[in-house]
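**Q** If it helps, the file is called entry.pdb and holds PDB, C-alpha atoms:
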```
MODEL        1
ATOM      1  CA  MET Q 292     166.550 145.131 125.191  1.00  0.00           C
ATOM      2  CA  GLY Q 293     168.988 144.551 128.075  1.00  0.00           C
ATOM      3  CA  ASN Q 294     168.727 147.065 130.881  1.00  0.00           C
ATOM      4  CA  ARG Q 295     166.972 149.717 128.775  1.00  0.00           C
ATOM      5  CA  THR Q 296     164.176 151.403 130.709  1.00  0.00           C
ATOM      6  CA  ILE Q 297     160.851 152.198 129.020  1.00  0.00           C
ATOM      7  CA  SER Q 298     159.071 154.882 131.041  1.00  0.00           C
ATOM      8  CA  SER Q 299     156.027 157.129 130.991  1.00  0.00           C
ATOM      9  CA  TRP Q 300     152.664 157.216 132.634  1.00  0.00           C
ATOM     10  CA  GLY Q 301     151.302 160.736 132.001  1.00  0.00           C
ATOM     11  CA  GLN Q 302     147.596 160.382 132.633  1.00  0.00           C
ATOM     12  CA  LEU Q 303     147.982 158.168 135.696  1.00  0.00           C
ATOM     13  CA  ILE Q 304     149.469 160.753 138.043  1.00  0.00           C
ATOM     14  CA  PRO Q 305     148.923 164.453 138.817  1.00  0.00           C
ATOM     15  CA  LEU Q 306     151.043 166.560 136.481  1.00  0.00           C
ATOM     16  CA  ARG Q 307     152.260 170.147 136.721  1.00  0.00           C
ATOM     17  CA  PRO Q 308     151.255 172.232 133.696  1.00  0.00           C
ATOM     18  CA  GLY Q 309     154.325 173.325 131.808  1.00  0.00           C
ATOM     19  CA  SER Q 310     156.617 170.898 133.626  1.00  0.00           C
ATOM     20  CA  GLU Q 311     159.419 169.081 131.862  1.00  0.00           C
ATOM     21  CA  PRO Q 312     160.278 165.435 132.367  1.00  0.00           C
ATOM     22  CA  SER Q 313     162.257 165.007 135.562  1.00  0.00           C
ATOM     23  CA  SER Q 314     163.928 162.171 137.390  1.00  0.00           C
ATOM     24  CA  ASP Q 315     164.551 161.308 140.993  1.00  0.00           C
ATOM     25  CA  GLU Q 316     167.785 159.966 142.506  1.00  0.00           C
ATOM     26  CA  SER Q 317     167.175 156.506 141.114  1.00  0.00           C
ATOM     27  CA  GLY Q 318     166.478 157.825 137.605  1.00  0.00           C
ATOM     28  CA  GLU Q 319     163.092 156.105 137.585  1.00  0.00           C
ATOM     29  CA  ARG Q 320     160.718 159.039 137.874  1.00  0.00           C
ATOM     30  CA  ARG Q 321     159.218 161.076 135.031  1.00  0.00           C
ATOM     31  CA  ASP Q 322     156.253 163.423 134.884  1.00  0.00           C
ATOM     32  CA  TRP Q 323     154.695 164.176 131.499  1.00  0.00           C
ATOM     33  CA  VAL Q 324     152.582 167.218 130.748  1.00  0.00           C
ATOM     34  CA  ARG Q 325     148.940 166.661 129.807  1.00  0.00           C
ATOM     35  CA  TYR Q 326     147.618 168.617 126.826  1.00  0.00           C
ATOM     36  CA  VAL Q 327     144.004 169.717 126.492  1.00  0.00           C
ATOM     37  CA  SER Q 328     142.275 168.397 123.381  1.00  0.00           C
ATOM     38  CA  ASP Q 329     138.829 168.426 121.757  1.00  0.00           C
ATOM     39  CA  LEU Q 330     139.648 165.737 119.188  1.00  0.00           C
ATOM     40  CA  ILE Q 331     136.835 163.373 118.198  1.00  0.00           C
ATOM     41  CA  THR Q 332     138.099 159.909 117.394  1.00  0.00           C
ATOM     42  CA  LEU Q 333     137.118 156.238 117.319  1.00  0.00           C
ATOM     43  CA  CYS Q 334     137.837 153.440 119.748  1.00  0.00           C
ATOM     44  CA  GLU Q 335     137.048 149.765 119.903  1.00  0.00           C
ATOM     45  CA  PRO Q 336     137.213 147.207 122.729  1.00  0.00           C
ATOM     46  CA  THR Q 337     139.707 144.487 121.863  1.00  0.00           C
ATOM     47  CA  GLU Q 338     138.711 141.660 124.182  1.00  0.00           C
ATOM     48  CA  THR Q 339     134.954 141.270 123.667  1.00  0.00           C
ATOM     49  CA  GLY Q 340     135.166 139.115 120.549  1.00  0.00           C
ATOM     50  CA  GLN Q 341     132.971 141.626 118.728  1.00  0.00           C
ATOM     51  CA  SER Q 342     133.995 144.355 116.294  1.00  0.00           C
ATOM     52  CA  GLU Q 343     132.089 147.398 117.533  1.00  0.00           C
ATOM     53  CA  THR Q 344     133.448 150.921 117.119  1.00  0.00           C
ATOM     54  CA  PHE Q 345     132.479 153.868 119.340  1.00  0.00           C
ATOM     55  CA  LEU Q 346     132.936 157.616 119.081  1.00  0.00           C
ATOM     56  CA  ALA Q 347     135.153 159.127 121.761  1.00  0.00           C
ATOM     57  CA  GLN Q 348     136.216 162.656 122.684  1.00  0.00           C
ATOM     58  CA  VAL Q 349     139.836 163.154 123.743  1.00  0.00           C
ATOM     59  CA  ARG Q 350     139.796 165.484 126.770  1.00  0.00           C
ATOM     60  CA  ASN Q 351     143.541 165.528 127.308  1.00  0.00           C
ATOM     61  CA  ILE Q 352     146.575 163.505 126.319  1.00  0.00           C
ATOM     62  CA  SER Q 353     150.161 162.952 127.437  1.00  0.00           C
ATOM     63  CA  ARG Q 354     153.037 160.788 126.257  1.00  0.00           C
ATOM     64  CA  GLY Q 355     151.891 158.009 128.557  1.00  0.00           C
ATOM     65  CA  GLY Q 356     148.113 158.142 128.448  1.00  0.00           C
ATOM     66  CA  VAL Q 357     144.849 159.666 127.328  1.00  0.00           C
ATOM     67  CA  ASN Q 358     141.577 160.752 128.933  1.00  0.00           C
ATOM     68  CA  LEU Q 359     138.473 159.939 126.885  1.00  0.00           C
ATOM     69  CA  VAL Q 360     134.791 160.779 127.192  1.00  0.00           C
ATOM     70  CA  LEU Q 361     132.624 157.859 126.096  1.00  0.00           C
ATOM     71  CA  GLU Q 362     128.934 157.120 126.167  1.00  0.00           C
ATOM     72  CA  GLN Q 363     129.734 153.470 126.851  1.00  0.00           C
ATOM     73  CA  GLN Q 364     130.887 152.138 130.209  1.00  0.00           C
ATOM     74  CA  PHE Q 365     134.102 150.098 130.403  1.00  0.00           C
ATOM     75  CA  ASP Q 366     135.626 148.284 133.356  1.00  0.00           C
ATOM     76  CA  THR Q 367     139.114 149.022 134.643  1.00  0.00           C
ATOM     77  CA  GLY Q 368     141.627 146.754 132.948  1.00  0.00           C
ATOM     78  CA  SER Q 369     139.756 146.815 129.629  1.00  0.00           C
ATOM     79  CA  ILE Q 370     141.952 147.246 126.544  1.00  0.00           C
ATOM     80  CA  LEU Q 371     140.757 149.725 123.901  1.00  0.00           C
ATOM     81  CA  SER Q 372     142.045 150.233 120.381  1.00  0.00           C
ATOM     82  CA  VAL Q 373     142.146 154.029 119.888  1.00  0.00           C
ATOM     83  CA  GLU Q 374     142.612 155.745 116.523  1.00  0.00           C
ATOM     84  CA  LEU Q 375     144.800 158.847 116.561  1.00  0.00           C
ATOM     85  CA  PRO Q 376     145.621 161.219 113.676  1.00  0.00           C
ATOM     86  CA  GLY Q 377     149.035 161.312 112.059  1.00  0.00           C
ATOM     87  CA  PRO Q 378     151.378 164.319 112.003  1.00  0.00           C
ATOM     88  CA  ASN Q 379     151.034 166.956 109.266  1.00  0.00           C
ATOM     89  CA  GLY Q 380     148.108 165.263 107.587  1.00  0.00           C
ATOM     90  CA  GLU Q 381     149.878 161.915 107.320  1.00  0.00           C
ATOM     91  CA  PRO Q 382     147.976 158.653 107.913  1.00  0.00           C
ATOM     92  CA  GLY Q 383     147.056 158.126 111.547  1.00  0.00           C
ATOM     93  CA  CYS Q 384     147.862 155.234 113.836  1.00  0.00           C
ATOM     94  CA  THR Q 385     145.981 152.909 116.135  1.00  0.00           C
ATOM     95  CA  LEU Q 386     147.230 152.515 119.710  1.00  0.00           C
ATOM     96  CA  LEU Q 387     146.232 150.134 122.467  1.00  0.00           C
ATOM     97  CA  ALA Q 388     145.175 151.794 125.719  1.00  0.00           C
ATOM     98  CA  CYS Q 389     144.358 150.193 129.073  1.00  0.00           C
ATOM     99  CA  VAL Q 390     141.497 151.631 131.158  1.00  0.00           C
ATOM    100  CA  ILE Q 391     142.904 152.620 134.566  1.00  0.00           C
ATOM    101  CA  TYR Q 392     139.970 154.457 136.076  1.00  0.00           C
ATOM    102  CA  VAL Q 393     136.397 155.369 135.183  1.00  0.00           C
ATOM    103  CA  ALA Q 394     134.833 158.568 136.550  1.00  0.00           C
ATOM    104  CA  PRO Q 395     131.098 158.671 137.342  1.00  0.00           C
ATOM    105  CA  LYS Q 396     128.947 159.068 134.276  1.00  0.00           C
ATOM    106  CA  THR Q 397     127.652 162.593 133.570  1.00  0.00           C
ATOM    107  CA  GLY Q 398     125.363 164.075 130.954  1.00  0.00           C
ATOM    108  CA  ASP Q 399     128.227 164.059 128.470  1.00  0.00           C
ATOM    109  CA  GLY Q 400     129.216 160.460 129.152  1.00  0.00           C
ATOM    110  CA  CYS Q 401     131.835 158.865 131.393  1.00  0.00           C
ATOM    111  CA  ALA Q 402     135.449 159.991 131.623  1.00  0.00           C
ATOM    112  CA  VAL Q 403     137.902 157.141 131.121  1.00  0.00           C
ATOM    113  CA  GLY Q 404     141.586 157.458 132.032  1.00  0.00           C
ATOM    114  CA  CYS Q 405     143.905 155.160 130.064  1.00  0.00           C
ATOM    115  CA  SER Q 406     147.587 154.333 129.801  1.00  0.00           C
ATOM    116  CA  PHE Q 407     149.073 153.385 126.452  1.00  0.00           C
ATOM    117  CA  VAL Q 408     150.008 149.715 126.255  1.00  0.00           C
ATOM    118  CA  ARG Q 409     153.433 148.484 125.260  1.00  0.00           C
ATOM    119  CA  GLU Q 410     153.930 144.979 123.881  1.00  0.00           C
ATOM    120  CA  LEU Q 411     157.118 142.941 124.210  1.00  0.00           C
ATOM    121  CA  SER Q 412     158.798 141.274 121.260  1.00  0.00           C
ATOM    122  CA  ASP Q 413     159.689 137.588 120.953  1.00  0.00           C
ATOM    123  CA  ASP Q 414     163.302 138.491 121.793  1.00  0.00           C
ATOM    124  CA  ASP Q 415     162.140 140.198 125.006  1.00  0.00           C
ATOM    125  CA  LEU Q 416     160.031 137.190 125.999  1.00  0.00           C
ATOM    126  CA  GLN Q 417     162.437 134.392 125.031  1.00  0.00           C
ATOM    127  CA  PRO Q 418     164.483 134.376 128.288  1.00  0.00           C
ATOM    128  CA  TYR Q 419     161.288 133.633 130.237  1.00  0.00           C
ATOM    129  CA  GLY Q 420     160.165 130.735 128.053  1.00  0.00           C
ATOM    130  CA  ALA Q 421     157.400 132.803 126.470  1.00  0.00           C
ATOM    131  CA  LYS Q 422     156.587 134.062 122.984  1.00  0.00           C
ATOM    132  CA  ARG Q 423     153.952 136.016 121.093  1.00  0.00           C
ATOM    133  CA  VAL Q 424     151.065 133.563 120.657  1.00  0.00           C
ATOM    134  CA  CYS Q 425     147.514 134.719 119.945  1.00  0.00           C
ATOM    135  CA  ALA Q 426     144.904 133.376 122.348  1.00  0.00           C
ATOM    136  CA  ASN Q 427     142.340 133.356 119.536  1.00  0.00           C
ATOM    137  CA  GLY Q 428     143.239 132.888 115.898  1.00  0.00           C
ATOM    138  CA  GLU Q 429     140.649 135.452 114.828  1.00  0.00           C
ATOM    139  CA  ASP Q 430     141.772 138.144 117.246  1.00  0.00           C
ATOM    140  CA  GLN Q 431     145.424 139.085 116.774  1.00  0.00           C
ATOM    141  CA  ARG Q 432     145.347 141.474 119.754  1.00  0.00           C
ATOM    142  CA  THR Q 433     144.762 138.949 122.560  1.00  0.00           C
ATOM    143  CA  TRP Q 434     147.868 137.109 123.782  1.00  0.00           C
ATOM    144  CA  VAL Q 435     148.462 133.833 125.577  1.00  0.00           C
ATOM    145  CA  ARG Q 436     149.938 134.221 129.060  1.00  0.00           C
ATOM    146  CA  PHE Q 437     152.857 131.880 129.809  1.00  0.00           C
ATOM    147  CA  ALA Q 438     153.227 130.559 133.338  1.00  0.00           C
ATOM    148  CA  CYS Q 439     156.638 131.080 134.903  1.00  0.00           C
ATOM    149  CA  ASP Q 440     158.281 131.227 138.293  1.00  0.00           C
ATOM    150  CA  ILE Q 441     161.082 133.779 138.320  1.00  0.00           C
ATOM    151  CA  GLN Q 442     162.262 136.443 140.715  1.00  0.00           C
ATOM    152  CA  ALA Q 443     161.703 140.165 140.258  1.00  0.00           C
ATOM    153  CA  THR Q 444     161.923 143.399 142.197  1.00  0.00           C
ATOM    154  CA  TYR Q 445     159.769 146.511 141.991  1.00  0.00           C
ATOM    155  CA  ARG Q 446     159.451 150.057 143.230  1.00  0.00           C
ATOM    156  CA  ILE Q 447     156.300 152.139 143.438  1.00  0.00           C
ATOM    157  CA  VAL Q 448     156.840 155.181 141.236  1.00  0.00           C
ATOM    158  CA  ARG Q 449     156.397 158.608 142.903  1.00  0.00           C
ATOM    159  CA  VAL Q 450     157.066 157.083 146.311  1.00  0.00           C
ATOM    160  CA  THR Q 451     160.582 157.423 147.686  1.00  0.00           C
ATOM    161  CA  GLU Q 452     161.696 153.811 148.023  1.00  0.00           C
ATOM    162  CA  ARG Q 453     165.449 153.418 148.070  1.00  0.00           C
ATOM    163  CA  LYS Q 454     165.287 149.653 148.438  1.00  0.00           C
ATOM    164  CA  PRO Q 455     163.306 147.656 145.853  1.00  0.00           C
ATOM    165  CA  ALA Q 456     160.791 145.144 147.150  1.00  0.00           C
ATOM    166  CA  PRO Q 457     160.879 141.485 146.073  1.00  0.00           C
ATOM    167  CA  ALA Q 458     158.197 139.949 143.862  1.00  0.00           C
ATOM    168  CA  ARG Q 459     157.589 136.640 142.126  1.00  0.00           C
ATOM    169  CA  VAL Q 460     156.523 136.503 138.463  1.00  0.00           C
ATOM    170  CA  THR Q 461     153.678 134.042 137.930  1.00  0.00           C
ATOM    171  CA  ASP Q 462     152.996 134.634 134.227  1.00  0.00           C
ATOM    172  CA  ILE Q 463     154.029 136.862 131.352  1.00  0.00           C
ATOM    173  CA  SER Q 464     152.683 137.854 127.935  1.00  0.00           C
ATOM    174  CA  PRO Q 465     153.651 140.452 125.328  1.00  0.00           C
ATOM    175  CA  ARG Q 466     151.291 142.890 127.009  1.00  0.00           C
ATOM    176  CA  GLY Q 467     151.853 142.395 130.741  1.00  0.00           C
ATOM    177  CA  VAL Q 468     153.004 140.421 133.723  1.00  0.00           C
ATOM    178  CA  GLY Q 469     151.500 138.759 136.781  1.00  0.00           C
ATOM    179  CA  LEU Q 470     153.236 139.389 140.103  1.00  0.00           C
ATOM    180  CA  LEU Q 471     152.946 138.037 143.642  1.00  0.00           C
ATOM    181  CA  VAL Q 472     153.817 140.679 146.254  1.00  0.00           C
ATOM    182  CA  THR Q 473     153.558 141.009 150.026  1.00  0.00           C
ATOM    183  CA  ARG Q 474     151.484 144.188 150.241  1.00  0.00           C
ATOM    184  CA  SER Q 475     148.292 145.602 148.827  1.00  0.00           C
ATOM    185  CA  ILE Q 476     148.809 147.873 145.801  1.00  0.00           C
ATOM    186  CA  ARG Q 477     145.790 149.541 144.275  1.00  0.00           C
ATOM    187  CA  PRO Q 478     144.990 149.527 140.544  1.00  0.00           C
ATOM    188  CA  GLY Q 479     146.331 152.566 138.706  1.00  0.00           C
ATOM    189  CA  THR Q 480     149.639 152.456 140.581  1.00  0.00           C
ATOM    190  CA  VAL Q 481     152.718 152.612 138.346  1.00  0.00           C
ATOM    191  CA  LEU Q 482     155.593 150.272 139.173  1.00  0.00           C
ATOM    192  CA  SER Q 483     159.176 150.135 137.998  1.00  0.00           C
ATOM    193  CA  VAL Q 484     159.632 146.385 137.600  1.00  0.00           C
ATOM    194  CA  GLU Q 485     162.942 144.598 137.123  1.00  0.00           C
ATOM    195  CA  LEU Q 486     162.661 141.058 135.792  1.00  0.00           C
ATOM    196  CA  GLN Q 487     165.500 138.618 136.356  1.00  0.00           C
ATOM    197  CA  ASN Q 488     166.237 135.932 133.787  1.00  0.00           C
ATOM    198  CA  PRO Q 489     165.891 132.360 135.094  1.00  0.00           C
ATOM    199  CA  ASN Q 490     169.671 131.940 134.865  1.00  0.00           C
ATOM    200  CA  GLY Q 491     170.188 135.115 136.896  1.00  0.00           C
ATOM    201  CA  GLN Q 492     172.599 136.463 134.270  1.00  0.00           C
ATOM    202  CA  SER Q 493     170.682 139.520 133.060  1.00  0.00           C
ATOM    203  CA  LYS Q 494     167.721 141.704 133.903  1.00  0.00           C
ATOM    204  CA  GLN Q 495     165.093 143.771 132.132  1.00  0.00           C
ATOM    205  CA  ARG Q 496     163.580 146.875 133.652  1.00  0.00           C
ATOM    206  CA  MET Q 497     160.298 148.407 132.490  1.00  0.00           C
ATOM    207  CA  PHE Q 498     157.422 150.463 133.792  1.00  0.00           C
ATOM    208  CA  SER Q 499     154.087 148.745 134.350  1.00  0.00           C
ATOM    209  CA  CYS Q 500     150.670 149.817 135.547  1.00  0.00           C
ATOM    210  CA  VAL Q 501     148.673 147.726 138.014  1.00  0.00           C
ATOM    211  CA  VAL Q 502     145.256 146.921 136.531  1.00  0.00           C
ATOM    212  CA  ARG Q 503     144.141 144.182 138.946  1.00  0.00           C
ATOM    213  CA  SER Q 504     144.943 143.422 142.580  1.00  0.00           C
ATOM    214  CA  LYS Q 505     143.622 140.541 144.684  1.00  0.00           C
ATOM    215  CA  GLU Q 506     144.602 139.134 148.069  1.00  0.00           C
ATOM    216  CA  VAL Q 507     145.173 135.426 147.445  1.00  0.00           C
ATOM    217  CA  LYS Q 508     146.093 134.550 151.021  1.00  0.00           C
ATOM    218  CA  PRO Q 509     146.950 136.485 154.184  1.00  0.00           C
ATOM    219  CA  GLY Q 510     149.940 138.719 153.439  1.00  0.00           C
ATOM    220  CA  GLU Q 511     150.113 137.947 149.711  1.00  0.00           C
ATOM    221  CA  TRP Q 512     148.546 139.778 146.768  1.00  0.00           C
ATOM    222  CA  ALA Q 513     148.372 138.852 143.082  1.00  0.00           C
ATOM    223  CA  LEU Q 514     148.847 141.808 140.724  1.00  0.00           C
ATOM    224  CA  GLY Q 515     147.986 141.991 137.045  1.00  0.00           C
ATOM    225  CA  CYS Q 516     150.135 144.638 135.314  1.00  0.00           C
ATOM    226  CA  ASN Q 517     150.305 146.072 131.813  1.00  0.00           C
ATOM    227  CA  PHE Q 518     153.530 147.324 130.285  1.00  0.00           C
ATOM    228  CA  ILE Q 519     153.498 151.044 129.431  1.00  0.00           C
ATOM    229  CA  ARG Q 520     154.637 152.750 126.234  1.00  0.00           C
ATOM    230  CA  GLU Q 521     155.025 156.429 125.389  1.00  0.00           C
ATOM    231  CA  LEU Q 522     154.103 158.545 122.377  1.00  0.00           C
ATOM    232  CA  THR Q 523     156.819 159.830 120.084  1.00  0.00           C
ATOM    233  CA  ASP Q 524     157.472 163.536 119.498  1.00  0.00           C
ATOM    234  CA  GLU Q 525     155.734 163.287 116.116  1.00  0.00           C
ATOM    235  CA  GLU Q 526     152.651 161.684 117.624  1.00  0.00           C
ATOM    236  CA  MET Q 527     152.485 164.305 120.393  1.00  0.00           C
ATOM    237  CA  ASN Q 528     152.874 167.195 117.926  1.00  0.00           C
ATOM    238  CA  SER Q 529     149.985 165.923 115.822  1.00  0.00           C
ATOM    239  CA  LEU Q 530     147.723 165.674 118.864  1.00  0.00           C
ATOM    240  CA  ALA Q 531     148.726 168.817 120.754  1.00  0.00           C
ATOM    241  CA  PRO Q 532     150.005 171.284 118.123  1.00  0.00           C
ATOM    242  CA  HIS Q 533     149.223 174.360 120.231  1.00  0.00           C
ATOM    243  CA  GLY Q 534     150.698 173.080 123.468  1.00  0.00           C
ATOM    244  CA  ASP Q 535     147.660 173.847 125.699  1.00  0.00           C
ATOM    245  CA  THR Q 536     148.297 172.066 128.989  1.00  0.00           C
ATOM    246  CA  ALA Q 537     145.583 170.602 131.157  1.00  0.00           C
ATOM    247  CA  LYS Q 538     144.825 171.934 134.598  1.00  0.00           C
ATOM    248  CA  ARG Q 539     145.495 169.744 137.580  1.00  0.00           C
TER     249      ARG Q 539
ENDMDL
END
```
Just give me the structure as structure tokens.

**A**
Amino acid sequence: MGNRTISSWGQLIPLRPGSEPSSDESGERRDWVRYVSDLITLCEPTETGQSETFLAQVRNISRGGVNLVLEQQFDTGSILSVELPGPNGEPGCTLLACVIYVAPKTGDGCAVGCSFVRELSDDDLQPYGAKRVCANGEDQRTWVRFACDIQATYRIVRVTERKPAPARVTDISPRGVGLLVTRSIRPGTVLSVELQNPNGQSKQRMFSCVVRSKEVKPGEWALGCNFIRELTDEEMNSLAPHGDTAKR
């Protein structure tokens, strides 16, 4: 994957209706339009060990995330398997989505904001001594985290930071990365993370969303981050054929 950047976060940040993707001076900033939807679909928690499917209403969707209305309550950081229709009547697909925030429950249910989850390949993980290993043989969607101690840098997206901040990688899996940083960063924040290979020869840059943050000692915080993926043009066209954008 080299220095290729995977970027999008759509649902996680305020978007301007009708805006096009844009970039800042560092080339690390994109805003995706949210599209209003009334699609009824199915979702399933992936980490409970139980196969239980729930109905969900899609309120709006972007390339980087989706907002769902659910009768069930989920904690931030939960991973949901969400079924989405295919383009032009073709078979649909199932995407993994990470719960970033949960709005207070109303008469119609609770609104859940999610980012789509990206998973690394064995080739991506190999430089860090990790690989795709299932944590449970019966559940192919839960991955073992591999401990590591490598250097990284990061920038907070949508904040003008010309100089990247240092971080230490404590573990990595196909789905995310654990970081040690020197400041508090709240869940839902999107980071541009650059991982350095142990030999220092090459780097990988990708966008990640903070799902957990904990102060482990004075002046040091442990972050749990999920890698972010984006929908293709075909997937977006099947979900938002009329191009109705969501209000801010």

**Q** Point out the residue among Q:Asn488, Q:Thr480, Q:Thr473, Q:Asn528 with the least atom-to-atom distance to Q:Pro376, counting all atoms listed in the file.

**A** Q:Asn528

**Q** Which residue is closest to Q:Gly404? Choose from Q:Val468, Q:Cys425, Q:Val357, Q:Cys516 and count all atoms listed in the file.

**A**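 When distances to Q:Gly404 are compared using all atoms listed in the file, the smallest one comes from Q:Val357.
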
**Q** What do you get, as a VMD selection string, if you spell out every residue that the PyMOL selection byres ((chain Q and resi 346) around 12) selects here?

**A** chain Q and resid 330 to 336 343 to 345 347 to 349 359 to 363 372 to 374 400

**Q** Name the residues in contact with Q:Arg423 at a cut-off of 7 Å, using only C-alpha atoms, excluding same-chain residues fewer than 2 positions from it; report them as a list in words.

**A** Asp413, Cys425, Trp434 and Pro465 of chain Q

**Q** One decimal, in Å: what's the spacing between atom CA of Q:Pro455 and atom CA of Q:Ser475?

**A**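 According to the coordinates, atom CA of Q:Pro455 and atom CA of Q:Ser475 are separated by 15.4 Å.
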
**Q** Counting only C-alpha atoms, I want the residues whose atoms come within 7 Å of (149.4, 138.0, 136.6) in the file frame, returned as a PDB file with C-alpha atoms, keeping the file's coordinate frame.

**A**
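File written: part-v7.pdb
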```
ATOM      1  CA  THR Q 461     153.678 134.042 137.930  1.00  0.00           C
ATOM      2  CA  ASP Q 462     152.996 134.634 134.227  1.00  0.00           C
ATOM      3  CA  VAL Q 468     153.004 140.421 133.723  1.00  0.00           C
ATOM      4  CA  GLY Q 469     151.500 138.759 136.781  1.00  0.00           C
ATOM      5  CA  LEU Q 470     153.236 139.389 140.103  1.00  0.00           C
ATOM      6  CA  ALA Q 513     148.372 138.852 143.082  1.00  0.00           C
ATOM      7  CA  LEU Q 514     148.847 141.808 140.724  1.00  0.00           C
ATOM      8  CA  GLY Q 515     147.986 141.991 137.045  1.00  0.00           C
ATOM      9  CA  CYS Q 516     150.135 144.638 135.314  1.00  0.00           C
TER      10      CYS Q 516
END
```
